[in-house]
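**Student:** Quick one, input12.txt (compact mmCIF, N, CA and C atoms and all ligand atoms):
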# COMPACT_ATOMS: atom_id res chain seq x y z
N MET Z 1 0.84 -1.21 0.00
CA MET Z 1 0.00 0.00 0.00
C MET Z 1 0.87 1.25 0.00
N GLY Z 2 0.59 2.17 -0.89
CA GLY Z 2 1.42 3.35 -1.01
C GLY Z 2 1.20 4.38 0.09
N SER Z 3 0.03 4.37 0.66
CA SER Z 3 -0.38 5.30 1.72
C SER Z 3 -0.27 6.77 1.32
N ALA Z 4 -0.07 7.62 2.27
CA ALA Z 4 -0.28 9.05 2.07
C ALA Z 4 0.78 9.74 1.22
N THR Z 5 1.92 9.15 1.05
CA THR Z 5 3.00 9.85 0.37
C THR Z 5 2.67 10.17 -1.08
N ALA Z 6 1.79 9.40 -1.70
CA ALA Z 6 1.47 9.59 -3.11
C ALA Z 6 0.78 10.92 -3.38
N PHE Z 7 0.01 11.40 -2.43
CA PHE Z 7 -0.83 12.57 -2.69
C PHE Z 7 -0.01 13.83 -2.99
N GLY Z 8 1.04 14.05 -2.24
CA GLY Z 8 1.84 15.24 -2.42
C GLY Z 8 2.52 15.28 -3.78
N GLN Z 9 3.01 14.13 -4.22
CA GLN Z 9 3.73 14.07 -5.48
C GLN Z 9 2.78 14.22 -6.67
N ALA Z 10 1.61 13.64 -6.56
CA ALA Z 10 0.69 13.56 -7.69
C ALA Z 10 0.28 14.93 -8.21
N ALA Z 11 0.18 15.90 -7.35
CA ALA Z 11 -0.36 17.20 -7.73
C ALA Z 11 0.42 17.84 -8.88
N SER Z 12 1.73 17.80 -8.83
CA SER Z 12 2.52 18.48 -9.85
C SER Z 12 2.57 17.71 -11.17
N VAL Z 13 2.39 16.40 -11.11
CA VAL Z 13 2.54 15.58 -12.30
C VAL Z 13 1.24 15.45 -13.08
N THR Z 14 0.19 15.05 -12.39
CA THR Z 14 -1.08 14.80 -13.08
C THR Z 14 -2.18 15.72 -12.54
N ASP Z 15 -1.99 16.98 -12.76
CA ASP Z 15 -3.01 17.91 -12.28
C ASP Z 15 -3.98 18.23 -13.41
N LYS Z 16 -4.77 17.21 -13.78
CA LYS Z 16 -5.69 17.37 -14.90
C LYS Z 16 -7.14 17.43 -14.43
N ARG Z 17 -7.32 17.60 -13.15
CA ARG Z 17 -8.69 17.63 -12.64
C ARG Z 17 -9.41 18.90 -13.09
N THR Z 18 -10.71 18.80 -13.19
CA THR Z 18 -11.48 19.98 -13.56
C THR Z 18 -11.58 20.93 -12.39
N THR Z 19 -11.96 22.13 -12.68
CA THR Z 19 -12.11 23.11 -11.60
C THR Z 19 -13.23 22.70 -10.64
N THR Z 20 -14.23 22.00 -11.18
CA THR Z 20 -15.33 21.55 -10.33
C THR Z 20 -14.81 20.58 -9.27
N GLU Z 21 -13.98 19.63 -9.71
CA GLU Z 21 -13.46 18.65 -8.76
C GLU Z 21 -12.51 19.28 -7.76
N LYS Z 22 -11.71 20.23 -8.22
CA LYS Z 22 -10.82 20.93 -7.30
C LYS Z 22 -11.63 21.66 -6.23
N GLY Z 23 -12.76 22.20 -6.66
CA GLY Z 23 -13.58 22.98 -5.75
C GLY Z 23 -14.14 22.17 -4.61
N ARG Z 24 -14.30 20.86 -4.80
CA ARG Z 24 -14.84 20.04 -3.73
C ARG Z 24 -13.80 19.76 -2.65
N GLY Z 25 -12.55 20.00 -2.99
CA GLY Z 25 -11.54 19.97 -1.97
C GLY Z 25 -10.90 18.62 -1.71
N ARG Z 26 -9.99 18.66 -0.77
CA ARG Z 26 -9.16 17.50 -0.47
C ARG Z 26 -9.97 16.33 0.08
N GLN Z 27 -10.99 16.62 0.83
CA GLN Z 27 -11.79 15.56 1.43
C GLN Z 27 -12.43 14.69 0.35
N TRP Z 28 -12.95 15.35 -0.68
CA TRP Z 28 -13.55 14.62 -1.81
C TRP Z 28 -12.48 13.84 -2.56
N GLN Z 29 -11.31 14.44 -2.71
CA GLN Z 29 -10.21 13.78 -3.41
C GLN Z 29 -9.80 12.50 -2.69
N LEU Z 30 -9.72 12.56 -1.38
CA LEU Z 30 -9.37 11.38 -0.60
C LEU Z 30 -10.44 10.31 -0.73
N LEU Z 31 -11.68 10.73 -0.74
CA LEU Z 31 -12.79 9.80 -0.90
C LEU Z 31 -12.70 9.10 -2.26
N CYS Z 32 -12.35 9.85 -3.30
CA CYS Z 32 -12.19 9.27 -4.64
C CYS Z 32 -11.08 8.22 -4.65
N GLU Z 33 -9.97 8.54 -4.03
CA GLU Z 33 -8.85 7.59 -3.98
C GLU Z 33 -9.28 6.30 -3.30
N GLN Z 34 -10.02 6.44 -2.22
CA GLN Z 34 -10.47 5.28 -1.46
C GLN Z 34 -11.49 4.48 -2.28
N ALA Z 35 -12.44 5.16 -2.88
CA ALA Z 35 -13.49 4.49 -3.66
C ALA Z 35 -12.89 3.75 -4.85
N ARG Z 36 -11.86 4.33 -5.42
CA ARG Z 36 -11.22 3.72 -6.57
C ARG Z 36 -10.58 2.38 -6.21
N ARG Z 37 -10.18 2.27 -4.94
CA ARG Z 37 -9.58 1.01 -4.48
C ARG Z 37 -10.64 -0.02 -4.08
N VAL Z 38 -11.71 0.42 -3.47
CA VAL Z 38 -12.67 -0.55 -2.90
C VAL Z 38 -13.76 -0.97 -3.88
N TYR Z 39 -14.10 -0.12 -4.84
CA TYR Z 39 -15.15 -0.47 -5.78
C TYR Z 39 -14.56 -1.06 -7.06
N PRO Z 40 -15.23 -2.07 -7.64
CA PRO Z 40 -14.82 -2.52 -8.97
C PRO Z 40 -15.07 -1.39 -9.98
N PRO Z 41 -14.23 -1.28 -11.02
CA PRO Z 41 -14.35 -0.16 -11.97
C PRO Z 41 -15.50 -0.36 -12.95
N ILE Z 42 -16.70 -0.40 -12.40
CA ILE Z 42 -17.89 -0.57 -13.22
C ILE Z 42 -18.80 0.64 -13.02
N CYS Z 43 -19.20 1.24 -14.14
CA CYS Z 43 -20.09 2.40 -14.07
C CYS Z 43 -21.46 1.96 -13.55
N TRP Z 44 -21.94 2.59 -12.50
CA TRP Z 44 -23.21 2.17 -11.89
C TRP Z 44 -24.40 2.63 -12.74
N ILE Z 45 -24.16 3.50 -13.70
CA ILE Z 45 -25.26 4.00 -14.53
C ILE Z 45 -25.45 3.14 -15.78
N CYS Z 46 -24.36 2.81 -16.48
CA CYS Z 46 -24.49 2.01 -17.70
C CYS Z 46 -23.99 0.58 -17.52
N HIS Z 47 -23.39 0.30 -16.36
CA HIS Z 47 -22.96 -1.07 -16.01
C HIS Z 47 -21.82 -1.58 -16.89
N ARG Z 48 -21.10 -0.70 -17.54
CA ARG Z 48 -19.95 -1.11 -18.32
C ARG Z 48 -18.66 -0.80 -17.55
N GLU Z 49 -17.61 -1.52 -17.93
CA GLU Z 49 -16.33 -1.32 -17.27
C GLU Z 49 -15.76 0.06 -17.59
N ILE Z 50 -15.05 0.61 -16.63
CA ILE Z 50 -14.40 1.90 -16.81
C ILE Z 50 -12.91 1.67 -16.98
N ASP Z 51 -12.34 2.24 -18.03
CA ASP Z 51 -10.91 2.09 -18.30
C ASP Z 51 -10.12 3.04 -17.39
N LEU Z 52 -9.41 2.44 -16.43
CA LEU Z 52 -8.69 3.25 -15.44
C LEU Z 52 -7.45 3.93 -16.02
N THR Z 53 -7.07 3.54 -17.24
CA THR Z 53 -5.87 4.13 -17.83
C THR Z 53 -6.16 5.43 -18.59
N LEU Z 54 -7.42 5.73 -18.78
CA LEU Z 54 -7.78 6.95 -19.51
C LEU Z 54 -7.40 8.20 -18.71
N ALA Z 55 -7.11 9.26 -19.42
CA ALA Z 55 -6.82 10.53 -18.76
C ALA Z 55 -8.06 11.02 -18.02
N ALA Z 56 -7.83 11.74 -16.94
CA ALA Z 56 -8.94 12.21 -16.11
C ALA Z 56 -9.91 13.10 -16.89
N THR Z 57 -9.41 13.69 -17.97
CA THR Z 57 -10.25 14.58 -18.76
C THR Z 57 -11.09 13.84 -19.80
N ASP Z 58 -10.79 12.55 -20.00
CA ASP Z 58 -11.53 11.77 -20.99
C ASP Z 58 -12.97 11.60 -20.54
N ARG Z 59 -13.91 11.65 -21.50
CA ARG Z 59 -15.32 11.57 -21.10
C ARG Z 59 -15.71 10.19 -20.59
N MET Z 60 -14.88 9.17 -20.90
CA MET Z 60 -15.15 7.83 -20.40
C MET Z 60 -14.23 7.44 -19.25
N SER Z 61 -13.59 8.42 -18.66
CA SER Z 61 -12.68 8.13 -17.55
C SER Z 61 -13.46 7.90 -16.25
N TRP Z 62 -12.72 7.42 -15.25
CA TRP Z 62 -13.32 7.09 -13.96
C TRP Z 62 -13.65 8.36 -13.17
N THR Z 63 -14.86 8.44 -12.70
CA THR Z 63 -15.22 9.51 -11.77
C THR Z 63 -16.04 8.90 -10.64
N LEU Z 64 -16.15 9.62 -9.55
CA LEU Z 64 -16.96 9.17 -8.44
C LEU Z 64 -18.27 9.96 -8.43
N ASP Z 65 -19.37 9.22 -8.51
CA ASP Z 65 -20.68 9.86 -8.50
C ASP Z 65 -21.31 9.64 -7.13
N HIS Z 66 -22.13 10.59 -6.69
CA HIS Z 66 -22.83 10.35 -5.42
C HIS Z 66 -24.31 10.11 -5.66
N LEU Z 67 -24.86 9.23 -4.85
CA LEU Z 67 -26.23 8.78 -5.07
C LEU Z 67 -27.25 9.81 -4.61
N ASP Z 68 -26.89 10.61 -3.64
CA ASP Z 68 -27.82 11.61 -3.12
C ASP Z 68 -27.68 12.90 -3.91
N PRO Z 69 -28.78 13.41 -4.43
CA PRO Z 69 -28.69 14.66 -5.20
C PRO Z 69 -28.20 15.82 -4.36
N VAL Z 70 -27.35 16.63 -4.97
CA VAL Z 70 -26.80 17.78 -4.26
C VAL Z 70 -27.92 18.71 -3.80
N ALA Z 71 -29.02 18.72 -4.57
CA ALA Z 71 -30.13 19.61 -4.25
C ALA Z 71 -30.70 19.35 -2.87
N THR Z 72 -30.71 18.08 -2.46
CA THR Z 72 -31.32 17.75 -1.16
C THR Z 72 -30.29 17.49 -0.07
N HIS Z 73 -29.07 17.16 -0.46
CA HIS Z 73 -28.07 16.80 0.54
C HIS Z 73 -26.92 17.79 0.63
N GLY Z 74 -26.95 18.83 -0.20
CA GLY Z 74 -25.89 19.82 -0.12
C GLY Z 74 -24.63 19.34 -0.80
N THR Z 75 -23.60 20.17 -0.76
CA THR Z 75 -22.37 19.87 -1.47
C THR Z 75 -21.33 19.20 -0.59
N GLN Z 76 -21.68 18.89 0.65
CA GLN Z 76 -20.69 18.26 1.52
C GLN Z 76 -20.36 16.85 1.05
N VAL Z 77 -19.19 16.37 1.39
CA VAL Z 77 -18.72 15.06 0.95
C VAL Z 77 -19.56 13.97 1.61
N PRO Z 78 -20.14 13.09 0.78
CA PRO Z 78 -20.99 12.02 1.32
C PRO Z 78 -20.15 10.87 1.87
N PRO Z 79 -20.75 9.97 2.67
CA PRO Z 79 -20.04 8.75 3.06
C PRO Z 79 -19.81 7.87 1.84
N ILE Z 80 -18.76 7.07 1.88
CA ILE Z 80 -18.35 6.30 0.70
C ILE Z 80 -19.45 5.36 0.23
N GLU Z 81 -20.25 4.85 1.13
CA GLU Z 81 -21.29 3.91 0.70
C GLU Z 81 -22.43 4.60 -0.03
N ARG Z 82 -22.41 5.93 -0.06
CA ARG Z 82 -23.39 6.68 -0.84
C ARG Z 82 -22.78 7.17 -2.15
N THR Z 83 -21.68 6.58 -2.55
CA THR Z 83 -21.04 6.94 -3.81
C THR Z 83 -20.84 5.69 -4.66
N ARG Z 84 -20.72 5.90 -5.97
CA ARG Z 84 -20.46 4.81 -6.91
C ARG Z 84 -19.56 5.33 -8.03
N PRO Z 85 -18.72 4.45 -8.58
CA PRO Z 85 -17.94 4.84 -9.76
C PRO Z 85 -18.87 5.06 -10.96
N ALA Z 86 -18.51 5.99 -11.81
CA ALA Z 86 -19.27 6.24 -13.03
C ALA Z 86 -18.34 6.82 -14.09
N HIS Z 87 -18.67 6.57 -15.37
CA HIS Z 87 -17.96 7.26 -16.44
C HIS Z 87 -18.18 8.76 -16.29
N ARG Z 88 -17.17 9.52 -16.65
CA ARG Z 88 -17.32 10.98 -16.55
C ARG Z 88 -18.56 11.45 -17.30
N ALA Z 89 -18.77 10.90 -18.49
CA ALA Z 89 -19.91 11.32 -19.31
C ALA Z 89 -21.24 10.93 -18.68
N HIS Z 90 -21.22 9.91 -17.82
CA HIS Z 90 -22.46 9.42 -17.23
C HIS Z 90 -22.65 9.90 -15.81
N ASN Z 91 -21.67 10.56 -15.27
CA ASN Z 91 -21.77 11.04 -13.89
C ASN Z 91 -22.92 12.03 -13.79
N SER Z 92 -23.85 11.71 -12.91
CA SER Z 92 -25.10 12.48 -12.84
C SER Z 92 -25.04 13.61 -11.82
N SER Z 93 -23.91 13.76 -11.15
CA SER Z 93 -23.88 14.66 -10.01
C SER Z 93 -24.08 16.12 -10.39
N ARG Z 94 -23.82 16.47 -11.63
CA ARG Z 94 -23.97 17.87 -12.02
C ARG Z 94 -25.29 18.15 -12.71
N LYS Z 95 -26.17 17.14 -12.77
CA LYS Z 95 -27.48 17.33 -13.36
C LYS Z 95 -28.52 17.40 -12.25
N ALA Z 96 -29.64 18.03 -12.57
CA ALA Z 96 -30.69 18.18 -11.57
C ALA Z 96 -31.53 16.92 -11.43
N GLY Z 97 -31.77 16.23 -12.53
CA GLY Z 97 -32.71 15.12 -12.53
C GLY Z 97 -32.15 13.85 -11.93
N PRO Z 98 -33.01 12.84 -11.73
CA PRO Z 98 -32.58 11.54 -11.22
C PRO Z 98 -31.78 10.80 -12.27
N PRO Z 99 -30.94 9.84 -11.86
CA PRO Z 99 -30.17 9.06 -12.83
C PRO Z 99 -31.09 8.20 -13.68
N PRO Z 100 -30.65 7.87 -14.90
CA PRO Z 100 -31.48 7.04 -15.79
C PRO Z 100 -31.74 5.68 -15.17
N GLN Z 101 -32.93 5.19 -15.36
CA GLN Z 101 -33.30 3.91 -14.78
C GLN Z 101 -33.09 2.79 -15.77
N HIS Z 102 -32.20 1.87 -15.43
CA HIS Z 102 -32.03 0.67 -16.23
C HIS Z 102 -32.58 -0.50 -15.43
N ARG Z 103 -32.53 -1.67 -16.02
CA ARG Z 103 -32.98 -2.83 -15.25
C ARG Z 103 -32.09 -3.00 -14.02
N PRO Z 104 -32.63 -3.54 -12.95
CA PRO Z 104 -31.88 -3.62 -11.69
C PRO Z 104 -30.58 -4.39 -11.85
N SER Z 105 -29.53 -3.88 -11.25
CA SER Z 105 -28.25 -4.58 -11.26
C SER Z 105 -28.08 -5.31 -9.93
N ARG Z 106 -27.03 -6.08 -9.87
CA ARG Z 106 -26.75 -6.76 -8.60
C ARG Z 106 -26.43 -5.74 -7.52
N LEU Z 107 -26.72 -6.10 -6.31
CA LEU Z 107 -26.40 -5.22 -5.20
C LEU Z 107 -24.92 -5.30 -4.91
N TRP Z 108 -24.36 -4.17 -4.47
CA TRP Z 108 -22.93 -4.18 -4.15
C TRP Z 108 -22.73 -4.76 -2.77
ZN ZN Z 201 -21.20 4.65 -17.88
Could you show the structure in this file as structure tokens?
Ligand SMILES: [Zn+2]
**Tutor:**
Amino acid sequence: MGSATAFGQAASVTDKRTTTEKGRGRQWQLLCEQARRVYPPICWICHREIDLTLAATDRMSWTLDHLDPVATHGTQVPPIERTRPAHRAHNSSRKAGPPPQHRPSRLW
């Protein structure tokens, strides 16, 4: 396990995050790092695999989506069990409406 030392170095090398993600702050960033390790890289919206090698700016890259709409739960960082991996293009967190309904998937 690489632990905390990776975070300081990463900033100067791969600082490709959007301004939106930067705005959520370090707490969200840490949550993303953790979620990326514990969740399988499967988009919870379209149920397809997410390519972890894609650049963060790619529309099919890995992002962390939260299940609770910001409108009702505010912008504070949610607990990890209220988040799921999603393709950047499918991440619903910046939309007002509910996520698209597909047939039920297996429970995590
Ligand atoms: Zn997807």
**Student:** Around ligand ZN 201 (chain Z), which protein and nucleic acid residues have at least one atom no more than 5 Å from it, if we count all atoms listed in the file? List them as a ChimeraX atom specification.
**Tutor:** /Z:43,45-46,87,90
**Student:** Return the single residue from Z:Arg48, Z:Arg88, Z:Arg82, Z:Arg59 that is closest to Ala35 in chain Z, with distances computed using only C-alpha atoms.
**Tutor:**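 Between Z:Arg48, Z:Arg88, Z:Arg82, Z:Arg59, the residue approaching Ala35 in chain Z most closely is Z:Arg82.
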**Student:** What does the distance from CA of Ala86 in chain Z to CA of Thr63 in chain Z come to in Å, to one decimal?
**Tutor:**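 Pair CA of Ala86 in chain Z / CA of Thr63 in chain Z returns 5.4 Å.
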**Student:** Give the answer as one residue: which of Z:Ala89, Z:Trp28, Z:Arg36, Z:Pro41 has the shortest atom-to-atom distance to Gln76 in chain Z, using all atoms listed in the file?
**Tutor:**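 Distance minimum relative to Gln76 in chain Z lands on Z:Trp28.
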**Student:** Atom N of Pro78 in chain Z and atom C of Leu31 in chain Z, how far apart in Å?
**Tutor:**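 Distance between the two atoms: 9.0 Å.
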**Student:** Can you measure CA of Cys32 in chain Z to CA of His73 in chain Z for me? One decimal in Å is fine.
**Tutor:**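 One can read the CA of Cys32 in chain Z to CA of His73 in chain Z distance as 18.3 Å.
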**Student:** Just the helix (DSSP H, G or I) stuff from range 37-71 of chain Z, please, per backbone DSSP, written as a list in words.
**Tutor:**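 For range 37-71 of chain Z, the helix (DSSP H, G or I) set is Arg37, Val38, Val70 and Ala71 of chain Z.
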**Student:** Give, as lines of an AutoDock Vina configuration file, the centre coordinates and the x, y and z edge lengths in Å to one decimal for an axis-aligned box around all listed atoms of range 47-52 of chain Z, padded by 4 Å on each side.
**Tutor:**
center_x = -15.4
center_y = 1.2
center_z = -16.9
size_x = 23.9
size_y = 13.5
size_z = 10.9
